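Visitor: Structure file run-v1.cif, mmCIF, C-alpha atoms and all ligand atoms, is pasted below:
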data_start
#
loop_
_atom_site.label_atom_id
_atom_site.label_comp_id
_atom_site.auth_asym_id
_atom_site.auth_seq_id
_atom_site.Cartn_x
_atom_site.Cartn_y
_atom_site.Cartn_z
CA MET T 756 14.39 1.69 -22.92
CA ASN T 757 15.91 0.69 -26.22
CA SER T 758 15.83 3.48 -28.72
CA ALA T 759 13.31 2.14 -31.26
CA PRO T 760 10.16 2.53 -29.07
CA LEU T 761 11.40 5.88 -27.77
CA ASP T 762 11.79 7.10 -31.35
CA ASP T 763 8.23 5.97 -32.05
CA VAL T 764 6.97 7.77 -28.95
CA ARG T 765 8.72 10.94 -30.08
CA ALA T 766 7.24 10.59 -33.56
CA GLY T 767 3.72 10.04 -32.22
CA ILE T 768 3.57 6.49 -33.64
CA PRO T 769 1.56 3.92 -31.64
CA THR T 770 3.99 1.97 -29.49
CA THR T 771 3.91 -0.87 -26.99
CA TRP T 772 6.37 -1.05 -24.12
CA VAL T 773 6.67 -4.36 -22.26
CA ASN T 774 7.88 -4.27 -18.67
CA PRO T 775 11.13 -6.28 -18.42
CA ARG T 776 11.11 -6.49 -14.62
CA ARG T 777 7.85 -7.66 -13.22
CA SER T 778 7.41 -8.86 -9.69
CA GLN T 779 4.40 -10.27 -7.87
CA ASP T 780 5.05 -8.24 -4.74
CA VAL T 781 2.92 -5.18 -4.21
CA PRO T 782 5.12 -2.39 -2.81
CA GLY T 783 4.11 -1.35 0.70
CA VAL T 784 2.77 2.00 -0.53
CA VAL T 785 -0.74 0.66 0.13
CA THR T 786 -1.69 -2.55 1.93
CA LEU T 787 -4.72 -4.81 1.67
CA ASP T 788 -5.86 -3.49 5.05
CA ASP T 789 -5.77 0.09 3.73
CA VAL T 790 -7.96 -0.90 0.78
CA ARG T 791 -10.39 -2.84 2.96
CA ASP T 792 -10.60 0.15 5.26
CA ALA T 793 -11.52 2.36 2.29
CA ASP T 794 -14.13 -0.18 1.18
CA ALA T 795 -15.61 -0.19 4.68
CA ARG T 796 -15.77 3.63 4.75
CA LEU T 797 -17.66 3.67 1.43
CA ARG T 798 -20.08 1.06 2.80
CA ARG T 799 -20.66 3.13 5.93
CA PHE T 800 -21.68 6.03 3.72
CA ALA T 801 -23.94 3.88 1.51
CA PRO T 802 -27.18 4.67 3.43
CA PHE T 803 -26.39 8.38 3.16
CA LEU T 804 -25.60 8.14 -0.57
CA ALA T 805 -28.78 6.18 -1.26
CA GLU T 806 -30.80 8.86 0.47
CA ALA T 807 -28.95 11.92 -0.80
CA PHE T 808 -28.96 10.86 -4.45
CA ASP T 809 -32.53 9.66 -4.56
CA GLY T 810 -34.05 13.04 -5.31
CA PRO T 811 -32.91 16.26 -6.85
CA TRP T 812 -29.35 14.96 -6.70
CA HIS T 813 -30.17 11.93 -8.81
CA LEU T 814 -27.61 12.53 -11.52
CA GLY T 815 -26.17 9.15 -12.40
CA PRO T 816 -27.61 7.02 -15.17
CA GLU T 817 -29.16 4.35 -12.99
CA GLY T 818 -29.60 6.08 -9.66
CA ILE T 819 -27.85 4.57 -6.71
CA GLU T 820 -30.16 2.06 -5.13
CA ALA T 821 -28.09 0.52 -2.37
CA GLY T 822 -25.72 3.45 -2.07
CA ILE T 823 -22.85 1.40 -3.48
CA ILE T 824 -20.81 3.09 -6.20
CA ASP T 825 -19.87 0.24 -8.50
CA SER T 826 -20.38 -1.08 -12.02
CA PRO T 827 -20.81 -4.47 -13.71
CA ILE T 828 -18.51 -6.27 -16.15
CA VAL T 829 -20.16 -7.26 -19.42
CA GLU T 830 -19.04 -9.41 -22.34
CA VAL T 831 -19.01 -7.66 -25.74
CA PRO T 832 -18.85 -10.52 -28.29
CA ARG T 833 -19.91 -8.46 -31.33
CA MET T 834 -17.16 -5.91 -30.64
CA ARG T 835 -14.71 -8.81 -30.25
CA ALA T 836 -15.75 -10.22 -33.63
CA ALA T 837 -15.51 -6.80 -35.28
CA LEU T 838 -11.97 -6.43 -33.94
CA GLY T 839 -11.10 -9.94 -35.16
CA LEU T 840 -9.87 -11.02 -31.74
CA ARG T 841 -9.35 -14.49 -30.41
CA GLY T 842 -10.16 -15.13 -26.76
CA SER T 843 -12.90 -13.07 -25.16
CA LEU T 844 -13.54 -9.35 -24.69
CA TRP T 845 -15.25 -7.75 -21.70
CA LEU T 846 -15.92 -4.19 -20.59
CA LYS T 847 -15.89 -2.79 -17.06
CA ARG T 848 -18.79 -0.34 -17.17
CA ASP T 849 -17.46 2.55 -15.09
CA ASP T 850 -19.11 4.80 -17.66
CA GLU T 851 -22.32 3.92 -15.80
CA LEU T 852 -21.10 4.58 -12.29
CA PRO T 853 -23.72 6.39 -10.23
CA ILE T 854 -23.42 10.06 -9.31
CA SER T 855 -20.87 11.21 -11.87
CA GLY T 856 -20.66 8.63 -14.67
CA SER T 857 -16.90 8.12 -14.83
CA ILE T 858 -14.07 6.35 -13.04
CA LYS T 859 -13.59 9.61 -11.06
CA ALA T 860 -16.72 8.71 -9.10
CA ARG T 861 -14.47 6.23 -7.29
CA GLY T 862 -11.49 8.26 -6.10
CA GLY T 863 -12.97 11.75 -6.07
CA ILE T 864 -16.06 10.87 -4.11
CA TYR T 865 -14.11 8.71 -1.70
CA GLU T 866 -11.76 11.56 -0.82
CA VAL T 867 -14.62 14.02 -0.20
CA LEU T 868 -16.36 11.46 2.03
CA THR T 869 -13.15 10.88 3.98
CA VAL T 870 -12.76 14.60 4.65
CA ALA T 871 -16.42 14.92 5.67
CA GLU T 872 -16.19 12.00 8.08
CA ARG T 873 -13.02 13.37 9.70
CA LEU T 874 -14.44 16.88 10.12
CA ALA T 875 -17.63 15.48 11.63
CA LEU T 876 -15.76 13.27 14.09
CA ASP T 877 -13.50 16.18 15.06
CA ALA T 878 -16.61 18.22 15.79
CA GLY T 879 -17.89 15.61 18.22
CA TRP T 880 -20.29 13.68 15.96
CA ALA T 881 -20.76 10.22 17.43
CA GLY T 882 -20.64 8.39 14.09
CA GLY T 883 -19.85 4.73 14.17
CA ASP T 884 -21.76 4.37 17.43
CA PRO T 885 -24.93 2.60 16.24
CA SER T 886 -27.01 3.82 19.19
CA ALA T 887 -26.16 7.44 18.38
CA GLY T 888 -26.96 7.44 14.68
CA ASP T 889 -25.34 6.50 11.39
CA HIS T 890 -23.96 8.18 8.31
CA ARG T 891 -27.47 9.23 7.27
CA ASP T 892 -26.81 12.08 9.70
CA PHE T 893 -24.85 13.69 6.85
CA ALA T 894 -28.15 14.39 5.13
CA GLY T 895 -29.39 16.32 8.18
CA PRO T 896 -29.05 20.06 8.88
CA ASP T 897 -26.53 19.89 11.74
CA LEU T 898 -23.67 18.25 9.87
CA ARG T 899 -24.45 20.16 6.66
CA GLU T 900 -24.30 23.38 8.64
CA HIS T 901 -20.94 22.37 10.06
CA LEU T 902 -19.47 21.31 6.71
CA SER T 903 -20.67 24.51 5.01
CA ARG T 904 -17.86 26.31 6.84
CA TYR T 905 -15.30 24.32 4.84
CA THR T 906 -14.25 24.37 1.21
CA ILE T 907 -13.27 21.50 -1.04
CA ALA T 908 -11.11 22.65 -3.95
CA VAL T 909 -9.63 20.88 -6.95
CA GLY T 910 -7.86 21.66 -10.22
CA SER T 911 -9.37 19.63 -13.02
CA THR T 912 -9.88 19.40 -16.77
CA GLY T 913 -13.29 17.84 -16.23
CA ASN T 914 -14.35 14.55 -14.72
CA LEU T 915 -12.50 14.93 -11.42
CA GLY T 916 -13.95 18.40 -10.93
CA LEU T 917 -17.40 17.01 -11.68
CA SER T 918 -17.13 14.19 -9.14
CA ILE T 919 -15.64 16.37 -6.41
CA GLY T 920 -18.01 19.27 -7.05
CA ILE T 921 -21.16 17.11 -7.04
CA MET T 922 -20.18 15.24 -3.87
CA ALA T 923 -18.92 18.31 -2.03
CA ARG T 924 -22.17 20.20 -2.73
CA ALA T 925 -24.31 17.21 -1.76
CA LEU T 926 -22.66 17.29 1.68
CA GLY T 927 -23.05 21.04 2.07
CA PHE T 928 -19.41 22.00 1.49
CA ARG T 929 -18.43 25.05 -0.47
CA ALA T 930 -16.86 23.78 -3.70
CA VAL T 931 -14.26 25.59 -5.79
CA ILE T 932 -13.28 23.99 -9.09
CA HIS T 933 -10.27 25.43 -10.92
CA MET T 934 -10.58 24.61 -14.61
CA SER T 935 -8.86 25.50 -17.83
CA ALA T 936 -11.01 27.77 -19.98
CA ASP T 937 -11.22 25.14 -22.73
CA ALA T 938 -12.79 22.49 -20.43
CA ARG T 939 -16.17 21.25 -21.65
CA GLN T 940 -18.89 23.87 -21.31
CA TRP T 941 -21.54 21.38 -20.14
CA LYS T 942 -19.37 20.35 -17.20
CA LYS T 943 -18.94 23.95 -16.07
CA GLU T 944 -22.66 24.62 -16.42
CA LEU T 945 -23.63 21.51 -14.46
CA LEU T 946 -21.24 22.42 -11.65
CA ARG T 947 -22.50 25.99 -11.47
CA SER T 948 -26.10 24.78 -11.38
CA LEU T 949 -25.20 22.83 -8.23
CA GLY T 950 -23.75 25.91 -6.57
CA ALA T 951 -20.08 25.12 -7.13
CA GLU T 952 -17.74 27.97 -8.02
CA VAL T 953 -15.96 27.35 -11.30
CA ILE T 954 -12.85 29.44 -11.87
CA GLU T 955 -11.57 29.41 -15.43
CA TYR T 956 -7.97 29.87 -16.54
CA GLU T 957 -6.80 30.83 -19.99
CA GLY T 958 -3.98 28.74 -21.35
CA ASP T 959 -2.05 26.23 -19.35
CA TYR T 960 -4.04 23.86 -17.17
CA GLY T 961 -1.02 23.54 -14.88
CA ILE T 962 -1.65 27.15 -13.79
CA ALA T 963 -5.18 26.22 -12.70
CA VAL T 964 -3.79 23.50 -10.47
CA GLU T 965 -0.97 25.66 -9.08
CA THR T 966 -3.30 28.51 -8.24
CA GLY T 967 -5.81 26.19 -6.60
CA ARG T 968 -3.12 24.48 -4.56
CA ALA T 969 -1.61 27.78 -3.39
CA GLN T 970 -4.99 29.27 -2.40
CA ALA T 971 -5.88 26.15 -0.43
CA ALA T 972 -2.52 26.10 1.34
CA ALA T 973 -3.21 29.61 2.62
CA ASP T 974 -6.62 28.68 4.07
CA PRO T 975 -6.94 26.11 6.88
CA HIS T 976 -10.65 25.69 6.06
CA THR T 977 -9.93 24.54 2.52
CA HIS T 978 -9.07 20.99 1.53
CA PHE T 979 -7.37 20.70 -1.86
CA VAL T 980 -7.74 17.39 -3.70
CA ASP T 981 -4.37 16.79 -5.30
CA ASP T 982 -4.74 14.52 -8.34
CA GLU T 983 -0.98 13.97 -8.57
CA SER T 984 -0.24 12.85 -5.06
CA SER T 985 -3.42 12.05 -3.13
CA ARG T 986 -3.38 8.79 -1.22
CA GLU T 987 -7.15 9.02 -0.60
CA LEU T 988 -7.89 9.20 -4.32
CA PHE T 989 -5.60 6.22 -4.89
CA LEU T 990 -7.33 4.16 -2.19
CA GLY T 991 -10.78 5.01 -3.53
CA TYR T 992 -9.74 3.60 -6.89
CA ALA T 993 -8.07 0.58 -5.29
CA VAL T 994 -11.45 -0.48 -3.89
CA ALA T 995 -12.48 -1.19 -7.50
CA GLY T 996 -9.71 -3.81 -7.71
CA LEU T 997 -10.81 -5.36 -4.45
CA ARG T 998 -14.42 -5.69 -5.58
CA LEU T 999 -13.52 -6.83 -9.09
CA VAL T 1000 -12.19 -10.11 -7.72
CA ASP T 1001 -15.70 -11.36 -6.94
CA GLN T 1002 -17.02 -10.26 -10.32
CA LEU T 1003 -14.20 -12.14 -12.06
CA GLU T 1004 -14.93 -15.26 -10.05
CA THR T 1005 -18.65 -15.14 -10.86
CA ALA T 1006 -17.90 -14.69 -14.56
CA GLY T 1007 -15.30 -17.47 -14.57
CA LEU T 1008 -12.50 -15.04 -15.43
CA THR T 1009 -10.13 -15.52 -12.49
CA PRO T 1010 -6.72 -15.64 -14.21
CA THR T 1011 -5.01 -19.01 -14.66
CA ALA T 1012 -2.12 -20.29 -16.79
CA GLU T 1013 -4.58 -21.54 -19.45
CA HIS T 1014 -6.75 -18.44 -19.24
CA PRO T 1015 -4.63 -15.37 -18.51
CA LEU T 1016 -6.44 -12.08 -17.93
CA HIS T 1017 -5.39 -8.82 -19.58
CA VAL T 1018 -6.81 -5.66 -17.97
CA HIS T 1019 -6.59 -2.53 -20.13
CA LEU T 1020 -6.64 0.77 -18.26
CA PRO T 1021 -6.88 4.25 -19.83
CA CYS T 1022 -4.22 6.26 -18.01
CA GLY T 1023 -3.88 9.98 -17.28
CA VAL T 1024 -1.80 10.82 -14.21
CA GLY T 1025 -2.20 7.19 -13.21
CA GLY T 1026 -4.08 7.46 -9.92
CA GLY T 1027 -7.21 5.73 -11.19
CA PRO T 1028 -5.60 2.91 -13.14
CA GLY T 1029 -2.74 2.61 -10.65
CA GLY T 1030 -5.07 2.22 -7.72
CA ILE T 1031 -6.94 -0.50 -9.58
CA VAL T 1032 -3.70 -2.33 -10.46
CA ALA T 1033 -2.56 -2.29 -6.82
CA GLY T 1034 -5.97 -3.22 -5.38
CA LEU T 1035 -6.49 -6.05 -7.85
CA HIS T 1036 -3.06 -7.59 -7.21
CA LEU T 1037 -3.50 -7.37 -3.45
CA ALA T 1038 -6.97 -8.90 -3.50
CA LEU T 1039 -6.15 -11.71 -5.94
CA ARG T 1040 -3.06 -12.69 -4.00
CA ASP T 1041 -5.10 -12.77 -0.84
CA ARG T 1042 -7.35 -15.34 -2.56
CA GLY T 1043 -4.30 -17.44 -3.40
CA VAL T 1044 -4.38 -16.59 -7.12
CA ASP T 1045 -1.04 -16.51 -8.96
CA THR T 1046 -0.89 -12.93 -10.30
CA ALA T 1047 1.72 -13.97 -12.86
CA HIS T 1048 -1.34 -14.69 -15.04
CA LEU T 1049 -2.75 -11.21 -14.55
CA HIS T 1050 -1.49 -8.64 -17.06
CA CYS T 1051 -2.40 -5.00 -16.46
CA TRP T 1052 -1.71 -2.47 -19.22
CA TYR T 1053 -1.77 1.34 -19.20
CA ALA T 1054 -3.34 2.83 -22.34
CA GLU T 1055 -2.41 6.40 -23.32
CA PRO T 1056 -2.79 8.84 -26.23
CA VAL T 1057 0.21 9.08 -28.56
CA GLN T 1058 0.62 12.75 -27.59
CA ALA T 1059 0.36 12.21 -23.81
CA PRO T 1060 2.15 8.99 -22.88
CA CYS T 1061 3.38 10.24 -19.52
CA MET T 1062 3.15 6.90 -17.72
CA LEU T 1063 4.82 4.98 -20.55
CA LEU T 1064 7.71 7.45 -20.32
CA ALA T 1065 7.83 7.27 -16.52
CA LEU T 1066 8.00 3.47 -16.68
CA ALA T 1067 10.25 3.00 -19.68
CA THR T 1068 12.86 5.52 -18.58
CA GLY T 1069 12.51 4.63 -14.90
CA ARG T 1070 12.33 8.35 -14.13
CA GLY T 1071 8.82 8.59 -12.69
CA ASP T 1072 7.59 12.18 -12.52
CA ALA T 1073 11.02 13.57 -13.40
CA ILE T 1074 10.13 13.28 -17.09
CA ALA T 1075 7.29 14.95 -19.00
CA VAL T 1076 5.96 14.32 -22.50
CA GLN T 1077 7.04 17.85 -23.45
CA ASP T 1078 10.65 16.76 -22.84
CA LEU T 1079 10.26 14.59 -25.93
CA GLY T 1080 8.69 17.38 -27.96
CA LEU T 1081 5.13 16.07 -27.66
CA HIS T 1082 2.41 18.69 -27.16
CA GLY T 1083 0.17 16.69 -24.83
CA ARG T 1084 -3.10 17.69 -26.51
CA THR T 1085 -5.64 14.99 -27.33
CA VAL T 1086 -9.38 14.46 -27.79
CA ALA T 1087 -9.13 12.15 -24.79
CA ASP T 1088 -9.44 14.98 -22.27
CA GLY T 1089 -9.32 12.67 -19.24
CA LEU T 1090 -5.90 11.48 -20.43
CA ALA T 1091 -4.37 14.82 -21.51
CA VAL T 1092 -1.63 14.72 -18.91
CA GLY T 1093 2.04 15.56 -19.40
CA ARG T 1094 3.53 14.13 -16.23
CA ALA T 1095 2.69 10.94 -14.31
CA SER T 1096 1.86 10.74 -10.61
CA GLN T 1097 4.90 9.68 -8.61
CA LEU T 1098 2.64 7.77 -6.23
CA ALA T 1099 0.92 5.77 -8.99
CA TRP T 1100 4.22 5.14 -10.77
CA SER T 1101 6.09 3.92 -7.70
CA ALA T 1102 3.19 1.74 -6.49
CA THR T 1103 2.76 -0.09 -9.81
CA LYS T 1104 5.99 0.09 -11.81
CA ASP T 1105 6.91 -3.49 -10.96
CA LEU T 1106 3.38 -4.86 -11.25
CA VAL T 1107 2.19 -3.70 -14.67
CA ALA T 1108 2.73 -5.73 -17.83
CA GLY T 1109 3.45 -2.57 -19.78
CA ALA T 1110 1.97 0.43 -21.57
CA TYR T 1111 0.92 1.30 -25.10
CA THR T 1112 -0.17 4.38 -27.02
CA VAL T 1113 -3.23 5.04 -29.19
CA ARG T 1114 -3.92 7.67 -31.83
CA ASP T 1115 -6.93 9.99 -31.49
CA ASP T 1116 -8.44 8.80 -34.78
CA GLU T 1117 -8.27 5.23 -33.48
CA LEU T 1118 -10.17 6.30 -30.35
CA PHE T 1119 -12.94 7.71 -32.55
CA ARG T 1120 -12.96 4.57 -34.75
CA LEU T 1121 -13.38 2.39 -31.65
CA LEU T 1122 -16.02 4.75 -30.25
CA ARG T 1123 -18.13 4.34 -33.42
CA LEU T 1124 -17.49 0.60 -33.60
CA LEU T 1125 -18.63 0.01 -30.02
CA ASP T 1126 -21.78 2.02 -30.67
CA GLU T 1127 -22.52 0.10 -33.89
CA THR T 1128 -21.80 -3.38 -32.55
CA GLU T 1129 -22.98 -3.18 -28.95
CA GLY T 1130 -24.96 0.06 -28.65
CA ILE T 1131 -22.60 1.30 -25.94
CA ARG T 1132 -21.55 4.96 -26.05
CA LEU T 1133 -18.37 6.04 -24.30
CA GLU T 1134 -16.30 9.22 -24.22
CA PRO T 1135 -13.06 9.15 -26.25
CA SER T 1136 -10.76 8.62 -23.23
CA ALA T 1137 -12.68 5.50 -22.28
CA LEU T 1138 -11.84 3.78 -25.56
CA ALA T 1139 -8.06 3.77 -25.08
CA GLY T 1140 -8.10 0.36 -23.43
CA ALA T 1141 -10.22 -1.10 -26.22
CA ALA T 1142 -7.21 -0.61 -28.50
CA GLY T 1143 -5.14 -2.91 -26.32
CA PRO T 1144 -6.10 -6.37 -27.57
CA THR T 1145 -5.19 -5.35 -31.13
CA ALA T 1146 -2.03 -3.56 -30.02
CA LEU T 1147 -0.88 -6.73 -28.27
CA ARG T 1148 -1.75 -9.06 -31.11
CA ASP T 1149 1.88 -9.49 -32.11
CA LEU T 1150 2.87 -10.32 -28.58
CA GLU T 1151 1.95 -13.58 -27.02
CA ASN T 1152 -1.86 -13.65 -27.26
CA PRO T 1153 -3.06 -17.19 -26.70
CA SER T 1154 -6.61 -17.99 -27.76
CA GLY T 1155 -7.57 -18.60 -24.13
CA ALA T 1156 -6.79 -15.03 -23.09
CA CYS T 1157 -9.50 -12.76 -21.78
CA HIS T 1158 -9.30 -9.02 -22.31
CA LEU T 1159 -11.11 -6.69 -19.93
CA ALA T 1160 -11.14 -3.09 -21.16
CA TRP T 1161 -11.97 -0.51 -18.48
CA ALA T 1162 -14.70 1.76 -19.93
CA THR T 1163 -13.85 4.80 -17.84
CA GLY T 1164 -16.61 7.25 -18.71
CA GLY T 1165 -19.33 8.45 -21.01
CA SER T 1166 -22.85 8.31 -19.63
CA MET T 1167 -22.99 11.96 -18.64
CA VAL T 1168 -21.88 13.28 -22.03
CA PRO T 1169 -24.80 15.33 -23.48
CA ASP T 1170 -26.44 13.91 -26.64
CA SER T 1171 -25.28 16.80 -28.81
CA GLU T 1172 -21.69 16.25 -27.74
CA MET T 1173 -21.99 12.49 -28.31
CA ALA T 1174 -23.35 13.14 -31.81
CA THR T 1175 -20.17 15.11 -32.55
CA TYR T 1176 -18.02 12.23 -31.32
CA LEU T 1177 -19.94 9.70 -33.42
CA ALA T 1178 -19.51 11.87 -36.49
CA SER T 1179 -15.74 12.36 -35.97
C1 LIG T 1201 -9.29 10.65 -15.32
C2 LIG T 1201 -9.72 9.68 -16.33
C3 LIG T 1201 -8.91 8.59 -16.65
C4 LIG T 1201 -7.54 8.33 -16.07
O1 LIG T 1201 -7.42 8.46 -14.68
P1 LIG T 1201 -6.02 9.01 -14.07
O2 LIG T 1201 -6.19 8.86 -12.62
O3 LIG T 1201 -5.91 10.43 -14.49
O4 LIG T 1201 -4.94 8.18 -14.64
C5 LIG T 1201 -9.39 7.71 -17.61
N1 LIG T 1201 -10.58 7.89 -18.21
C6 LIG T 1201 -11.39 8.93 -17.91
C7 LIG T 1201 -12.70 9.07 -18.62
C8 LIG T 1201 -10.98 9.87 -16.96
O5 LIG T 1201 -11.78 10.90 -16.68
#
Could I get this structure in the form of structure tokens?
Ligand SMILES: *Cc1c(COP(=O)(O)O)cnc(C)c1O

Guide:
Amino acid sequence: MNSAPLDDVRAGIPTTWVNPRRSQDVPGVVTLDDVRDADARLRRFAPFLAEAFDGPWHLGPEGIEAGIIDSPIVEVPRMRAALGLRGSLWLKRDDELPISGSIKARGGIYEVLTVAERLALDAGWAGGDPSAGDHRDFAGPDLREHLSRYTIAVGSTGNLGLSIGIMARALGFRAVIHMSADARQWKKELLRSLGAEVIEYEGDYGIAVETGRAQAAADPHTHFVDDESSRELFLGYAVAGLRLVDQLETAGLTPTAEHPLHVHLPCGVGGGPGGIVAGLHLALRDRGVDTAHLHCWYAEPVQAPCMLLALATGRGDAIAVQDLGLHGRTVADGLAVGRASQLAWSATKDLVAGAYTVRDDELFRLLRLLDETEGIRLEPSALAGAAGPTALRDLENPSGACHLAWATGGSMVPDSEMATYLAS
């Protein structure tokens, strides 16, 4: 990295880093077959999800009719005009994902389902054999009884804990969520109301994760979801990239030389956005699309640009934002991460177009603007990608470009909390 951007990063000034070595080859960390396999597993569970979340568990904004956890892409022309952008602006509405209302509904739920399926098969359940039943069996007493002997644990500042806790409880697992004491109160209350155990830690969030990991390692009946290194989480997110290809085609947004596509991804540890980057590249290439016209960007808070640092220095998880004197605190709680995931970094470092940073006050400005222009309310983290089109304005930004900002969460934020955001 040349020193000017690094100085800006250190000073907390919004910065854009452009990847000098891009390749079209997806590293073998995950393959298209892996992602298709994950998609198929989610589809197998769809009848169960439709049934399980059609009653007292109905938590998501829209319910979950067909049992498929996915969201639409929508054009936001009034927001585009307000930002003074050329080209077109779209949002991926993961804020409306069923069950837990954030991008974490993809990876977190997928990992819990994977564990449940494996435990059931190990116990002699004849799943997959159509004559002997289907995944709706998971709603019945026998499998719930069996799964209740196991614990799913996770260390989380919020949305991941919510997704894992909700899904684990819906399957009958015991759920233990290790959280920092300053995590949002409404998330802790919701989890406790579902019968999850929430353990709070004063001070450093890293201690919550360490403690959770160590406790799980000592107990063979506990599965710990590891946000920094989980392949299952990564694959669950990658399914979003696979499915996006059809949505792009329907909307006429498949990237071409005349109409390049920029995808803007709010980034914490990188598992969510990284999985999407990998899945989207794999799926587009499989359709014969030249991914040179696809530009994926990681969007991070100025105080927590862990992926930008990992990429720009080439050091992956060997560097943390604290090494540059940044404190890592931000209103974007889903992105308040000091160190990137080695898995996400290594799988996408040659694929991404780059990374940029956004100030907290800009997140709030965009949050208000999106509410005023389009009536869409997101949580602060989810606005990071909406800063991208403006951040890239000085770079090549031909009028034919389409920008797709990933709206990563918001629909489960209580009204009182949202009112605070809108007034910030
Ligand atoms: C977790 C989260 C992200 C980022 O996902 P990572 O896998 O941590 O990179 C983005 N937005 C929201 C709302 C999140 O909760």

Visitor: Which residues are near ligand LIG 1201 (chain T) - at most 6 Å, using only C-alpha atoms and all ligand atoms? Format: as a VMD selection string.

Guide: chain T and resid 857 914 1021 to 1028 1089 to 1090 1136 to 1137 1163 to 1164

Visitor: Could the residues of range 1108-1141 of chain T that have an atom at most 10 Å from range 1058-1073 of chain T be listed as JSON lines, each with its closest atom pair and the distance in Å to one decimal, counting only C-alpha atoms and ordered by chain and ascending residue number?

Guide:
{"residue": "T:Gly1109", "atom": "CA", "partner": "T:Leu1063", "partner_atom": "CA", "distance": 7.7}
{"residue": "T:Ala1110", "atom": "CA", "partner": "T:Leu1063", "partner_atom": "CA", "distance": 5.5}
{"residue": "T:Tyr1111", "atom": "CA", "partner": "T:Leu1063", "partner_atom": "CA", "distance": 7.0}
{"residue": "T:Thr1112", "atom": "CA", "partner": "T:Pro1060", "partner_atom": "CA", "distance": 6.6}
{"residue": "T:Val1113", "atom": "CA", "partner": "T:Gln1058", "partner_atom": "CA", "distance": 8.8}
{"residue": "T:Arg1114", "atom": "CA", "partner": "T:Gln1058", "partner_atom": "CA", "distance": 8.0}
{"residue": "T:Asp1115", "atom": "CA", "partner": "T:Gln1058", "partner_atom": "CA", "distance": 8.9}

Visitor: Go ahead and save the picked residues with C-alpha atoms, as a compact mmCIF listing (two decimals), in the frame of the given file.

Guide:
# COMPACT_ATOMS: atom_id res chain seq x y z
CA GLY T 1109 3.45 -2.57 -19.78
CA ALA T 1110 1.97 0.43 -21.57
CA TYR T 1111 0.92 1.30 -25.10
CA THR T 1112 -0.17 4.38 -27.02
CA VAL T 1113 -3.23 5.04 -29.19
CA ARG T 1114 -3.92 7.67 -31.83
CA ASP T 1115 -6.93 9.99 -31.49

Visitor: Which neighbours of Thr1046 in chain T fall inside 8 Å, counting only C-alpha atoms, when residues of the same chain fewer than 2 positions from it are skipped, and could you give them as a PDB file with C-alpha atoms, in the frame of the given file?

Guide:
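Dumped everything to selection.pdb:
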ATOM      1  CA  GLN T 779       4.400 -10.270  -7.870  1.00  0.00           C
ATOM      2  CA  PRO T1010      -6.720 -15.640 -14.210  1.00  0.00           C
ATOM      3  CA  HIS T1036      -3.060  -7.590  -7.210  1.00  0.00           C
ATOM      4  CA  LEU T1039      -6.150 -11.710  -5.940  1.00  0.00           C
ATOM      5  CA  ARG T1040      -3.060 -12.690  -4.000  1.00  0.00           C
ATOM      6  CA  VAL T1044      -4.380 -16.590  -7.120  1.00  0.00           C
ATOM      7  CA  HIS T1048      -1.340 -14.690 -15.040  1.00  0.00           C
ATOM      8  CA  LEU T1049      -2.750 -11.210 -14.550  1.00  0.00           C
TER       9      LEU T1049
END

Visitor: Which distance in Å separates CA of His933 in chain T and CA of Lys859 in chain T, to one decimal?

Guide: 16.2 Å

Visitor: Record the distance separating CA of Trp1100 in chain T and CA of Tyr956 in chain T, expressed in Å with one decimal.

Guide: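 Straight-line distance from CA of Trp1100 in chain T to CA of Tyr956 in chain T works out to 28.2 Å.
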
Visitor: For the contact check between range 1030-1139 of chain T and range 959-963 of chain T, emit one row per residue of range 1030-1139 of chain T within 12 Å, containing the shortest atom pair and the distance in Å rounded to one decimal, counting all atoms listed in the file, chain then rising number order, as JSON lines.

Guide:
{"residue": "T:His1082", "atom": "CA", "partner": "T:Asp959", "partner_atom": "CA", "distance": 11.7}
{"residue": "T:Gly1083", "atom": "CA", "partner": "T:Asp959", "partner_atom": "CA", "distance": 11.2}
{"residue": "T:Arg1084", "atom": "CA", "partner": "T:Asp959", "partner_atom": "CA", "distance": 11.2}
{"residue": "T:Asp1088", "atom": "CA", "partner": "T:Tyr960", "partner_atom": "CA", "distance": 11.6}
{"residue": "T:Ala1091", "atom": "CA", "partner": "T:Tyr960", "partner_atom": "CA", "distance": 10.0}
{"residue": "T:Val1092", "atom": "CA", "partner": "T:Tyr960", "partner_atom": "CA", "distance": 9.6}
{"residue": "T:Gly1093", "atom": "CA", "partner": "T:Gly961", "partner_atom": "CA", "distance": 9.7}
{"residue": "T:Arg1094", "atom": "CA", "partner": "T:Gly961", "partner_atom": "CA", "distance": 10.5}
